[in-house]
4 protein chains.
Amino acid sequence: MVEARLRVIYGDTDQMGVVYHANYFRYFEFSRMEFFRARGGSYREMEGAGFMLPIVEVSCQYKAPARYDDLLLIRPKVSELRRASLMFTYEVVREDEPSTILCTGSTLHACVGRDGKPTRFPDMFLRLIEQSP
Amino acid sequence: MVEARLRVIYGDTDQMGVVYHANYFRYFEFSRMEFFRARGGSYREMEGAGFMLPIVEVSCQYKAPARYDDLLLIRPKVSELRRASLMFTYEVVREDEPSTILCTGSTLHACVGRDGKPTRFPDMFLRLIEQSP
Amino acid sequence: MVEARLRVIYGDTDQMGVVYHANYFRYFEFSRMEFFRARGGSYREMEGAGFMLPIVEVSCQYKAPARYDDLLLIRPKVSELRRASLMFTYEVVREDEPSTILCTGSTLHACVGRDGKPTRFPDMFLRLIEQSP
Amino acid sequence: MVEARLRVIYGDTDQMGVVYHANYFRYFEFSRMEFFRARGGSYREMEGAGFMLPIVEVSCQYKAPARYDDLLLIRPKVSELRRASLMFTYEVVREDEPSTILCTGSTLHACVGRDGKPTRFPDMFLRLIEQSP
């Protein structure tokens, strides 16, 4: 399991003293990068090979707030893999209380080629996904 | 119907040349402010009276990209009103092509009091919601 | 004089209850767009013609905080125009107290062509700058 | 010397394919957190003790762009320490090319107490600053 680590800065919080809800999607993105890196690849390489994973749909469920200076662990997982789309789901916890889930989320991605049209995932990508980190 | 108007800046885009997906939630927030203002109230006043609407859950469906310099209209609507929760839904379009929906989204809010506990919506708030802008 | 109007959202604030310092540079960018639009042009058009204005240097001086729900006026001005560079300066005030400056700032821009190299400002641009809005 | 490490996400870039200029101030903030942590303290503790370091003035000079997926090192340093103010300066480099400075910057901070008024730095803070990480 990949756990992306990230410390909450002032710039991530809002005047309620908690992480602004939209910023979790930045955290999710960061964890996707770590997901690919943990498997020896990178999303940048995939783009270099002519494939992109634009986001089609997202969701997030907020259960408890994250705060300034918290060290967060974001756990991304491929929960669904189809011919030309892919869903990541995420859990966010604090490192010092890893059993309490602060929020969960999902991002649904299409696989598109250089022409912007949906295309099958390339084999290099499937191998990356399927291997253990 | 309230339409919040907003022009896309460079800082909202990413290297794909489109609005970064997380930023739509900022747009949605902006449109909620306009929603209350169009009815003669404001979210700040509500907070002043001891009520807050923290976000419990969000979703967004991306259909077509918004780009730099686009003038966007964001249309917020209360789609569900319960004793102590409320759902807003949103449509985003470009002003020069208002019939093509770029994205839709939703934000589910709890109503909580100063103690952070769920509470009924105050009457002033219900009157605000129910009136036409 | 151009005054770009913008309302502060939650997402712009931090846990001190004030606008996070980095976000003023987003506001400055927004006001530059309005500056060009007020003169009948747009930065997008200029890019279309093959010229860009990358930022070389910025500064900001914070005098008093802006807060959630404040309606801000951002006043951009070309304070220096050279062969291949340009400085904008800015003042930010609240609409309801326009004589109290909340912050001032500056952005220094190079003019570069499609090859990324410094180039003279095109005439269309100089005419835009010099005209009154 | 403290070097805060941070990988550039899509959400940090703009449509020019480079890190949006305002985001470097977020990076600077992140490096300040690491600066205090490397010395066994934290800015959160300092706030807990009733002291804050609001930002009074900032600057940034951009020399070469940072891009998506770059692993950046941000090097913060206290360049000036007065009775009730403090300047940090920063250098940003890519980890794989640490001798090329991408940008430099500075943030000037006041030291204020719970009442928001300027105050001398507390001794705990001075000890933190002066010690080697």
# chains A, B, ... in the order shown; residues from 1 in each chain; ligands from 1
$ select_by_dssp --residues "chain A" --states "alpha helix (DSSP H)" --output "PyMOL selection string"
chain A and resi 23-38+43-48+123-130
$ write_last_selection --atoms "C-alpha atoms" --output "PDB file, in the first residue's frame"
ATOM      1  CA  ASN A  23      -7.480  21.169  -1.235  1.00  0.00           C
ATOM      2  CA  TYR A  24      -8.016  17.471  -0.597  1.00  0.00           C
ATOM      3  CA  PHE A  25      -8.155  17.019  -4.348  1.00  0.00           C
ATOM      4  CA  ARG A  26      -4.631  18.416  -4.524  1.00  0.00           C
ATOM      5  CA  TYR A  27      -3.624  15.896  -1.872  1.00  0.00           C
ATOM      6  CA  PHE A  28      -5.239  13.121  -3.892  1.00  0.00           C
ATOM      7  CA  GLU A  29      -3.281  14.184  -6.952  1.00  0.00           C
ATOM      8  CA  PHE A  30      -0.067  14.152  -4.978  1.00  0.00           C
ATOM      9  CA  SER A  31      -0.800  10.620  -3.796  1.00  0.00           C
ATOM     10  CA  ARG A  32      -1.415   9.450  -7.381  1.00  0.00           C
ATOM     11  CA  MET A  33       2.066  10.656  -8.287  1.00  0.00           C
ATOM     12  CA  GLU A  34       3.485   8.678  -5.390  1.00  0.00           C
ATOM     13  CA  PHE A  35       1.412   5.679  -6.425  1.00  0.00           C
ATOM     14  CA  PHE A  36       3.096   5.585  -9.838  1.00  0.00           C
ATOM     15  CA  ARG A  37       6.536   6.341  -8.425  1.00  0.00           C
ATOM     16  CA  ALA A  38       6.277   3.569  -5.861  1.00  0.00           C
ATOM     17  CA  TYR A  43       2.608   9.949 -14.732  1.00  0.00           C
ATOM     18  CA  ARG A  44       4.981  12.236 -16.625  1.00  0.00           C
ATOM     19  CA  GLU A  45       6.440   9.257 -18.485  1.00  0.00           C
ATOM     20  CA  MET A  46       2.985   8.092 -19.406  1.00  0.00           C
ATOM     21  CA  GLU A  47       2.202  11.512 -20.845  1.00  0.00           C
ATOM     22  CA  GLY A  48       5.503  11.361 -22.687  1.00  0.00           C
ATOM     23  CA  ASP A 123       0.352  -2.391 -21.566  1.00  0.00           C
ATOM     24  CA  MET A 124       3.126  -0.550 -19.763  1.00  0.00           C
ATOM     25  CA  PHE A 125       0.453   1.132 -17.718  1.00  0.00           C
ATOM     26  CA  LEU A 126      -1.433  -2.054 -16.892  1.00  0.00           C
ATOM     27  CA  ARG A 127       1.773  -3.705 -15.749  1.00  0.00           C
ATOM     28  CA  LEU A 128       2.447  -0.701 -13.545  1.00  0.00           C
ATOM     29  CA  ILE A 129      -0.977  -0.808 -11.964  1.00  0.00           C
ATOM     30  CA  GLU A 130      -1.049  -4.502 -11.375  1.00  0.00           C
TER      31      GLU A 130
END
$ calpha_fit_and_write --fixed "chain D" --moving "chain A" --output "short mmCIF file (atom, residue, chain, number, x, y, z; two decimals) with N, CA and C atoms, in the first residue's frame"
data_model
loop_
_atom_site.label_atom_id
_atom_site.label_comp_id
_atom_site.auth_asym_id
_atom_site.auth_seq_id
_atom_site.Cartn_x
_atom_site.Cartn_y
_atom_site.Cartn_z
N MET A 1 22.21 23.42 7.00
CA MET A 1 21.24 24.05 6.09
C MET A 1 20.02 23.14 5.93
N VAL A 2 18.85 23.74 6.07
CA VAL A 2 17.61 22.98 5.86
C VAL A 2 17.27 22.98 4.36
N GLU A 3 16.87 21.82 3.85
CA GLU A 3 16.36 21.75 2.49
C GLU A 3 15.01 21.06 2.53
N ALA A 4 13.97 21.81 2.31
CA ALA A 4 12.62 21.22 2.27
C ALA A 4 12.42 20.62 0.89
N ARG A 5 11.94 19.40 0.82
CA ARG A 5 11.76 18.69 -0.45
C ARG A 5 10.28 18.64 -0.81
N LEU A 6 9.98 18.85 -2.05
CA LEU A 6 8.59 18.96 -2.46
C LEU A 6 8.48 18.66 -3.94
N ARG A 7 7.50 17.84 -4.30
CA ARG A 7 7.34 17.52 -5.71
C ARG A 7 6.20 18.35 -6.30
N VAL A 8 6.45 18.90 -7.48
CA VAL A 8 5.47 19.78 -8.14
C VAL A 8 4.30 18.96 -8.69
N ILE A 9 3.09 19.32 -8.29
CA ILE A 9 1.90 18.64 -8.82
C ILE A 9 1.30 19.47 -9.97
N TYR A 10 0.41 18.82 -10.72
CA TYR A 10 -0.35 19.50 -11.77
C TYR A 10 -1.00 20.78 -11.24
N GLY A 11 -1.57 20.66 -10.06
CA GLY A 11 -2.29 21.79 -9.47
C GLY A 11 -1.42 23.00 -9.20
N ASP A 12 -0.12 22.83 -9.22
CA ASP A 12 0.80 23.96 -9.01
C ASP A 12 1.17 24.65 -10.31
N THR A 13 0.92 23.97 -11.43
CA THR A 13 1.34 24.53 -12.73
C THR A 13 0.23 25.39 -13.32
N ASP A 14 0.58 26.14 -14.35
CA ASP A 14 -0.44 26.87 -15.11
C ASP A 14 -0.31 26.49 -16.58
N GLN A 15 -1.09 27.13 -17.42
CA GLN A 15 -1.14 26.65 -18.81
C GLN A 15 0.15 26.91 -19.60
N MET A 16 1.12 27.63 -19.01
CA MET A 16 2.42 27.75 -19.65
C MET A 16 3.26 26.49 -19.39
N GLY A 17 2.74 25.58 -18.57
CA GLY A 17 3.49 24.36 -18.27
C GLY A 17 4.54 24.55 -17.19
N VAL A 18 4.44 25.65 -16.47
CA VAL A 18 5.41 25.92 -15.40
C VAL A 18 4.67 26.21 -14.10
N VAL A 19 5.41 26.22 -12.99
CA VAL A 19 4.78 26.53 -11.71
C VAL A 19 4.28 27.97 -11.70
N TYR A 20 3.03 28.15 -11.36
CA TYR A 20 2.43 29.49 -11.30
C TYR A 20 3.17 30.32 -10.25
N HIS A 21 3.47 31.55 -10.59
CA HIS A 21 4.39 32.34 -9.77
C HIS A 21 3.97 32.44 -8.30
N ALA A 22 2.66 32.56 -8.05
CA ALA A 22 2.21 32.74 -6.66
C ALA A 22 2.50 31.52 -5.80
N ASN A 23 2.60 30.35 -6.43
CA ASN A 23 2.75 29.12 -5.65
C ASN A 23 4.10 28.99 -4.96
N TYR A 24 5.09 29.74 -5.43
CA TYR A 24 6.38 29.69 -4.74
C TYR A 24 6.26 30.17 -3.30
N PHE A 25 5.32 31.05 -3.06
CA PHE A 25 5.15 31.52 -1.67
C PHE A 25 4.59 30.43 -0.78
N ARG A 26 3.82 29.52 -1.36
CA ARG A 26 3.41 28.33 -0.61
C ARG A 26 4.63 27.44 -0.32
N TYR A 27 5.50 27.32 -1.31
CA TYR A 27 6.70 26.50 -1.11
C TYR A 27 7.57 27.14 -0.01
N PHE A 28 7.67 28.44 -0.05
CA PHE A 28 8.47 29.12 0.99
C PHE A 28 7.88 28.82 2.36
N GLU A 29 6.57 28.91 2.46
CA GLU A 29 5.95 28.63 3.76
C GLU A 29 6.27 27.21 4.22
N PHE A 30 6.15 26.28 3.31
CA PHE A 30 6.46 24.89 3.65
C PHE A 30 7.90 24.78 4.18
N SER A 31 8.81 25.48 3.54
CA SER A 31 10.21 25.38 3.98
C SER A 31 10.43 26.03 5.34
N ARG A 32 9.64 27.05 5.67
CA ARG A 32 9.75 27.64 7.02
C ARG A 32 9.33 26.62 8.08
N MET A 33 8.27 25.87 7.78
CA MET A 33 7.86 24.82 8.73
C MET A 33 9.00 23.83 8.95
N GLU A 34 9.63 23.44 7.86
CA GLU A 34 10.73 22.47 7.97
C GLU A 34 11.92 23.08 8.70
N PHE A 35 12.10 24.37 8.51
CA PHE A 35 13.19 25.08 9.20
C PHE A 35 13.02 24.94 10.71
N PHE A 36 11.81 25.19 11.20
CA PHE A 36 11.57 25.10 12.64
C PHE A 36 11.64 23.65 13.12
N ARG A 37 11.10 22.76 12.33
CA ARG A 37 11.11 21.34 12.72
C ARG A 37 12.52 20.78 12.78
N ALA A 38 13.36 21.22 11.86
CA ALA A 38 14.74 20.71 11.84
C ALA A 38 15.47 21.11 13.12
N ARG A 39 14.94 22.12 13.79
CA ARG A 39 15.55 22.60 15.05
C ARG A 39 14.77 22.09 16.27
N GLY A 40 13.85 21.20 16.05
CA GLY A 40 13.15 20.60 17.18
C GLY A 40 11.97 21.41 17.68
N GLY A 41 11.59 22.45 16.96
CA GLY A 41 10.42 23.24 17.36
C GLY A 41 9.37 23.17 16.28
N SER A 42 8.38 24.03 16.38
CA SER A 42 7.42 24.15 15.29
C SER A 42 6.74 25.50 15.43
N TYR A 43 6.27 25.99 14.28
CA TYR A 43 5.59 27.27 14.31
C TYR A 43 4.29 27.14 15.10
N ARG A 44 3.67 25.98 15.06
CA ARG A 44 2.44 25.77 15.81
C ARG A 44 2.66 25.94 17.32
N GLU A 45 3.76 25.43 17.81
CA GLU A 45 4.09 25.60 19.23
C GLU A 45 4.24 27.08 19.59
N MET A 46 4.91 27.79 18.68
CA MET A 46 5.14 29.20 18.94
C MET A 46 3.80 29.95 19.04
N GLU A 47 2.89 29.61 18.12
CA GLU A 47 1.55 30.19 18.20
C GLU A 47 0.88 29.80 19.51
N GLY A 48 1.07 28.55 19.90
CA GLY A 48 0.48 28.09 21.16
C GLY A 48 0.97 28.92 22.33
N ALA A 49 2.21 29.38 22.25
CA ALA A 49 2.79 30.20 23.32
C ALA A 49 2.40 31.67 23.19
N GLY A 50 1.60 32.01 22.17
CA GLY A 50 1.07 33.36 22.07
C GLY A 50 1.82 34.30 21.14
N PHE A 51 2.68 33.74 20.29
CA PHE A 51 3.44 34.59 19.37
C PHE A 51 3.13 34.22 17.93
N MET A 52 3.00 35.22 17.11
CA MET A 52 2.78 34.95 15.69
C MET A 52 3.76 35.75 14.84
N LEU A 53 3.95 35.28 13.62
CA LEU A 53 4.90 35.91 12.70
C LEU A 53 4.20 36.33 11.42
N PRO A 54 3.25 37.24 11.49
CA PRO A 54 2.55 37.63 10.25
C PRO A 54 3.53 38.22 9.23
N ILE A 55 3.18 38.02 7.99
CA ILE A 55 4.04 38.47 6.89
C ILE A 55 3.76 39.93 6.57
N VAL A 56 4.81 40.70 6.49
CA VAL A 56 4.71 42.13 6.26
C VAL A 56 5.05 42.48 4.82
N GLU A 57 5.93 41.70 4.24
CA GLU A 57 6.44 42.03 2.91
C GLU A 57 7.04 40.79 2.29
N VAL A 58 6.86 40.61 1.00
CA VAL A 58 7.47 39.47 0.32
C VAL A 58 8.05 39.91 -1.01
N SER A 59 8.98 39.11 -1.51
CA SER A 59 9.47 39.32 -2.87
C SER A 59 9.89 37.97 -3.45
N CYS A 60 9.93 37.92 -4.77
CA CYS A 60 10.41 36.70 -5.42
C CYS A 60 11.00 37.08 -6.77
N GLN A 61 12.13 36.46 -7.09
CA GLN A 61 12.80 36.69 -8.37
C GLN A 61 12.85 35.35 -9.10
N TYR A 62 12.27 35.31 -10.30
CA TYR A 62 12.14 34.06 -11.04
C TYR A 62 13.24 33.99 -12.10
N LYS A 63 14.05 32.95 -12.04
CA LYS A 63 15.19 32.86 -12.95
C LYS A 63 15.01 31.77 -14.00
N ALA A 64 14.44 30.67 -13.58
CA ALA A 64 14.18 29.56 -14.52
C ALA A 64 12.96 28.83 -13.99
N PRO A 65 12.15 28.28 -14.90
CA PRO A 65 10.89 27.69 -14.44
C PRO A 65 11.06 26.32 -13.78
N ALA A 66 10.20 26.05 -12.81
CA ALA A 66 10.05 24.69 -12.30
C ALA A 66 8.85 24.09 -13.00
N ARG A 67 8.87 22.77 -13.20
CA ARG A 67 7.83 22.12 -13.99
C ARG A 67 7.23 20.94 -13.23
N TYR A 68 6.12 20.48 -13.77
CA TYR A 68 5.42 19.32 -13.23
C TYR A 68 6.39 18.18 -12.96
N ASP A 69 6.25 17.56 -11.82
CA ASP A 69 6.99 16.35 -11.46
C ASP A 69 8.42 16.66 -11.00
N ASP A 70 8.85 17.91 -11.11
CA ASP A 70 10.17 18.28 -10.58
C ASP A 70 10.20 18.06 -9.08
N LEU A 71 11.30 17.55 -8.61
CA LEU A 71 11.51 17.46 -7.17
C LEU A 71 12.33 18.68 -6.77
N LEU A 72 11.71 19.55 -6.01
CA LEU A 72 12.36 20.82 -5.66
C LEU A 72 12.95 20.76 -4.26
N LEU A 73 14.05 21.46 -4.10
CA LEU A 73 14.60 21.71 -2.78
C LEU A 73 14.43 23.19 -2.49
N ILE A 74 13.85 23.51 -1.37
CA ILE A 74 13.70 24.91 -0.98
C ILE A 74 14.58 25.13 0.24
N ARG A 75 15.45 26.11 0.13
CA ARG A 75 16.44 26.37 1.19
C ARG A 75 16.13 27.69 1.88
N PRO A 76 15.55 27.63 3.07
CA PRO A 76 15.24 28.86 3.81
C PRO A 76 16.39 29.24 4.73
N LYS A 77 16.52 30.51 4.99
CA LYS A 77 17.61 31.00 5.82
C LYS A 77 17.14 32.28 6.51
N VAL A 78 17.47 32.45 7.77
CA VAL A 78 17.18 33.72 8.44
C VAL A 78 18.28 34.70 8.06
N SER A 79 17.91 35.72 7.32
CA SER A 79 18.95 36.62 6.82
C SER A 79 19.04 37.88 7.65
N GLU A 80 18.07 38.09 8.50
CA GLU A 80 18.07 39.32 9.29
C GLU A 80 17.20 39.08 10.51
N LEU A 81 17.71 39.40 11.68
CA LEU A 81 16.94 39.17 12.90
C LEU A 81 17.01 40.44 13.73
N ARG A 82 15.85 41.09 13.89
CA ARG A 82 15.80 42.31 14.71
C ARG A 82 14.98 42.04 15.96
N ARG A 83 14.80 43.07 16.76
CA ARG A 83 14.05 42.90 18.01
C ARG A 83 12.67 42.29 17.80
N ALA A 84 11.96 42.81 16.81
CA ALA A 84 10.58 42.36 16.64
C ALA A 84 10.25 42.06 15.18
N SER A 85 11.30 41.80 14.40
CA SER A 85 11.05 41.38 13.02
C SER A 85 12.18 40.48 12.55
N LEU A 86 11.94 39.88 11.41
CA LEU A 86 12.78 38.76 10.99
C LEU A 86 12.63 38.61 9.50
N MET A 87 13.73 38.45 8.79
CA MET A 87 13.60 38.17 7.36
C MET A 87 14.13 36.78 7.03
N PHE A 88 13.30 36.04 6.30
CA PHE A 88 13.75 34.79 5.70
C PHE A 88 14.08 35.05 4.24
N THR A 89 15.15 34.43 3.76
CA THR A 89 15.38 34.39 2.31
C THR A 89 15.38 32.92 1.89
N TYR A 90 15.15 32.71 0.60
CA TYR A 90 14.95 31.35 0.08
C TYR A 90 15.67 31.18 -1.24
N GLU A 91 16.11 29.98 -1.47
CA GLU A 91 16.55 29.57 -2.80
C GLU A 91 15.80 28.30 -3.17
N VAL A 92 15.39 28.23 -4.41
CA VAL A 92 14.72 27.02 -4.90
C VAL A 92 15.56 26.42 -6.01
N VAL A 93 15.84 25.13 -5.91
CA VAL A 93 16.58 24.41 -6.95
C VAL A 93 15.87 23.09 -7.24
N ARG A 94 16.24 22.46 -8.35
CA ARG A 94 15.79 21.09 -8.60
C ARG A 94 16.81 20.14 -7.99
N GLU A 95 16.30 19.05 -7.44
CA GLU A 95 17.21 18.12 -6.79
C GLU A 95 18.25 17.57 -7.76
N ASP A 96 17.84 17.38 -9.01
CA ASP A 96 18.78 16.77 -9.95
C ASP A 96 19.70 17.79 -10.61
N GLU A 97 19.59 19.05 -10.19
CA GLU A 97 20.50 20.08 -10.73
C GLU A 97 20.65 21.16 -9.67
N PRO A 98 21.20 20.79 -8.53
CA PRO A 98 21.12 21.66 -7.34
C PRO A 98 21.95 22.93 -7.43
N SER A 99 22.74 23.07 -8.48
CA SER A 99 23.55 24.29 -8.55
C SER A 99 22.88 25.38 -9.38
N THR A 100 21.78 25.07 -10.04
CA THR A 100 21.05 26.09 -10.81
C THR A 100 19.87 26.61 -9.99
N ILE A 101 19.95 27.86 -9.62
CA ILE A 101 18.88 28.44 -8.80
C ILE A 101 17.69 28.82 -9.68
N LEU A 102 16.54 28.26 -9.38
CA LEU A 102 15.34 28.54 -10.17
C LEU A 102 14.69 29.84 -9.72
N CYS A 103 14.68 30.04 -8.42
CA CYS A 103 14.19 31.33 -7.95
C CYS A 103 14.69 31.62 -6.55
N THR A 104 14.70 32.89 -6.23
CA THR A 104 15.05 33.35 -4.89
C THR A 104 13.89 34.18 -4.38
N GLY A 105 13.81 34.30 -3.09
CA GLY A 105 12.70 35.09 -2.55
C GLY A 105 12.99 35.52 -1.14
N SER A 106 12.08 36.32 -0.60
CA SER A 106 12.21 36.76 0.79
C SER A 106 10.83 36.98 1.38
N THR A 107 10.76 36.78 2.69
CA THR A 107 9.53 37.12 3.42
C THR A 107 9.95 37.81 4.71
N LEU A 108 9.38 38.99 4.94
CA LEU A 108 9.66 39.76 6.15
C LEU A 108 8.50 39.56 7.12
N HIS A 109 8.82 39.17 8.34
CA HIS A 109 7.80 38.85 9.34
C HIS A 109 7.92 39.77 10.54
N ALA A 110 6.80 40.20 11.06
CA ALA A 110 6.78 40.88 12.36
C ALA A 110 6.59 39.81 13.43
N CYS A 111 7.00 40.10 14.63
CA CYS A 111 6.64 39.24 15.76
C CYS A 111 5.55 39.96 16.53
N VAL A 112 4.38 39.34 16.65
CA VAL A 112 3.28 39.98 17.39
C VAL A 112 2.76 39.03 18.46
N GLY A 113 2.21 39.63 19.51
CA GLY A 113 1.65 38.85 20.61
C GLY A 113 0.17 38.61 20.41
N ARG A 114 -0.46 38.06 21.42
CA ARG A 114 -1.89 37.72 21.32
C ARG A 114 -2.74 38.95 21.02
N ASP A 115 -2.28 40.13 21.44
CA ASP A 115 -3.04 41.36 21.21
C ASP A 115 -2.80 41.93 19.81
N GLY A 116 -2.00 41.23 18.99
CA GLY A 116 -1.74 41.70 17.65
C GLY A 116 -0.69 42.80 17.59
N LYS A 117 -0.10 43.14 18.76
CA LYS A 117 0.90 44.22 18.76
C LYS A 117 2.32 43.67 18.65
N PRO A 118 3.20 44.44 18.00
CA PRO A 118 4.60 43.99 17.87
C PRO A 118 5.19 43.72 19.24
N THR A 119 5.99 42.69 19.31
CA THR A 119 6.61 42.34 20.59
C THR A 119 7.98 41.73 20.29
N ARG A 120 8.87 41.76 21.28
CA ARG A 120 10.17 41.11 21.13
C ARG A 120 9.99 39.62 20.89
N PHE A 121 10.90 39.03 20.18
CA PHE A 121 10.90 37.58 20.05
C PHE A 121 11.11 36.94 21.41
N PRO A 122 10.36 35.90 21.71
CA PRO A 122 10.60 35.20 22.97
C PRO A 122 11.95 34.46 22.92
N ASP A 123 12.52 34.22 24.08
CA ASP A 123 13.83 33.56 24.13
C ASP A 123 13.82 32.18 23.48
N MET A 124 12.73 31.44 23.72
CA MET A 124 12.65 30.11 23.13
C MET A 124 12.82 30.18 21.62
N PHE A 125 12.29 31.26 21.05
CA PHE A 125 12.37 31.41 19.61
C PHE A 125 13.81 31.74 19.18
N LEU A 126 14.43 32.65 19.91
CA LEU A 126 15.80 33.04 19.55
C LEU A 126 16.74 31.84 19.65
N ARG A 127 16.56 31.05 20.69
CA ARG A 127 17.39 29.85 20.81
C ARG A 127 17.18 28.92 19.61
N LEU A 128 15.93 28.82 19.19
CA LEU A 128 15.61 27.96 18.05
C LEU A 128 16.32 28.44 16.78
N ILE A 129 16.21 29.72 16.55
CA ILE A 129 16.81 30.32 15.36
C ILE A 129 18.31 30.16 15.33
N GLU A 130 18.90 30.39 16.49
CA GLU A 130 20.36 30.50 16.51
C GLU A 130 21.04 29.14 16.44
N GLN A 131 20.32 28.12 16.85
CA GLN A 131 20.97 26.81 16.84
C GLN A 131 21.09 26.25 15.43
N SER A 132 22.10 25.41 15.24
CA SER A 132 22.24 24.75 13.95
C SER A 132 21.20 23.63 13.87
N PRO A 133 20.68 23.40 12.69
CA PRO A 133 19.67 22.35 12.56
C PRO A 133 20.30 20.96 12.76
#
$ select_by_dssp --residues "range 49-89 of chain A" --states "strand (DSSP E)" --output "PyMOL selection string"
chain A and resi 55-62+71-81+85-89
$ decode --residues "range 18-64 of chain C" --atoms "C-alpha atoms" --output "tab-separated table (two decimals), in the first residue's frame"
chain	number	residue	atom	x	y	z
C	18	VAL	CA	-7.32	36.78	6.72
C	19	VAL	CA	-6.45	36.42	3.04
C	20	TYR	CA	-3.38	34.17	2.69
C	21	HIS	CA	-0.50	36.31	1.49
C	22	ALA	CA	0.19	34.36	-1.71
C	23	ASN	CA	-3.36	34.89	-2.95
C	24	TYR	CA	-2.84	38.60	-3.55
C	25	PHE	CA	-0.77	37.63	-6.56
C	26	ARG	CA	-3.83	35.90	-7.97
C	27	TYR	CA	-5.76	39.11	-7.38
C	28	PHE	CA	-3.06	41.09	-9.14
C	29	GLU	CA	-3.28	38.76	-12.12
C	30	PHE	CA	-7.03	39.18	-12.24
C	31	SER	CA	-6.63	42.96	-12.27
C	32	ARG	CA	-4.15	42.75	-15.18
C	33	MET	CA	-6.79	40.94	-17.20
C	34	GLU	CA	-9.26	43.68	-16.42
C	35	PHE	CA	-6.66	46.28	-17.28
C	36	PHE	CA	-6.35	44.92	-20.83
C	37	ARG	CA	-10.07	44.37	-21.20
C	38	ALA	CA	-10.85	47.91	-20.12
C	39	ARG	CA	-8.77	49.00	-23.13
C	40	GLY	CA	-10.56	46.72	-25.55
C	41	GLY	CA	-7.83	44.09	-25.72
C	42	SER	CA	-6.98	40.95	-23.82
C	43	TYR	CA	-3.88	39.13	-22.73
C	44	ARG	CA	-5.19	36.05	-24.56
C	45	GLU	CA	-5.16	37.95	-27.86
C	46	MET	CA	-1.62	39.05	-27.24
C	47	GLU	CA	-0.59	35.45	-26.69
C	48	GLY	CA	-2.46	34.54	-29.85
C	49	ALA	CA	-0.24	37.04	-31.70
C	50	GLY	CA	2.85	35.30	-30.33
C	51	PHE	CA	3.82	37.50	-27.41
C	52	MET	CA	3.94	36.60	-23.77
C	53	LEU	CA	4.63	38.51	-20.57
C	54	PRO	CA	6.25	36.04	-18.16
C	55	ILE	CA	6.80	37.30	-14.65
C	56	VAL	CA	10.39	38.00	-13.73
C	57	GLU	CA	10.01	39.49	-10.28
C	58	VAL	CA	7.24	40.28	-7.80
C	59	SER	CA	6.82	42.04	-4.50
C	60	CYS	CA	3.99	42.74	-2.08
C	61	GLN	CA	3.71	44.89	1.02
C	62	TYR	CA	0.91	43.99	3.43
C	63	LYS	CA	-0.51	46.87	5.46
C	64	ALA	CA	-3.87	45.68	6.71
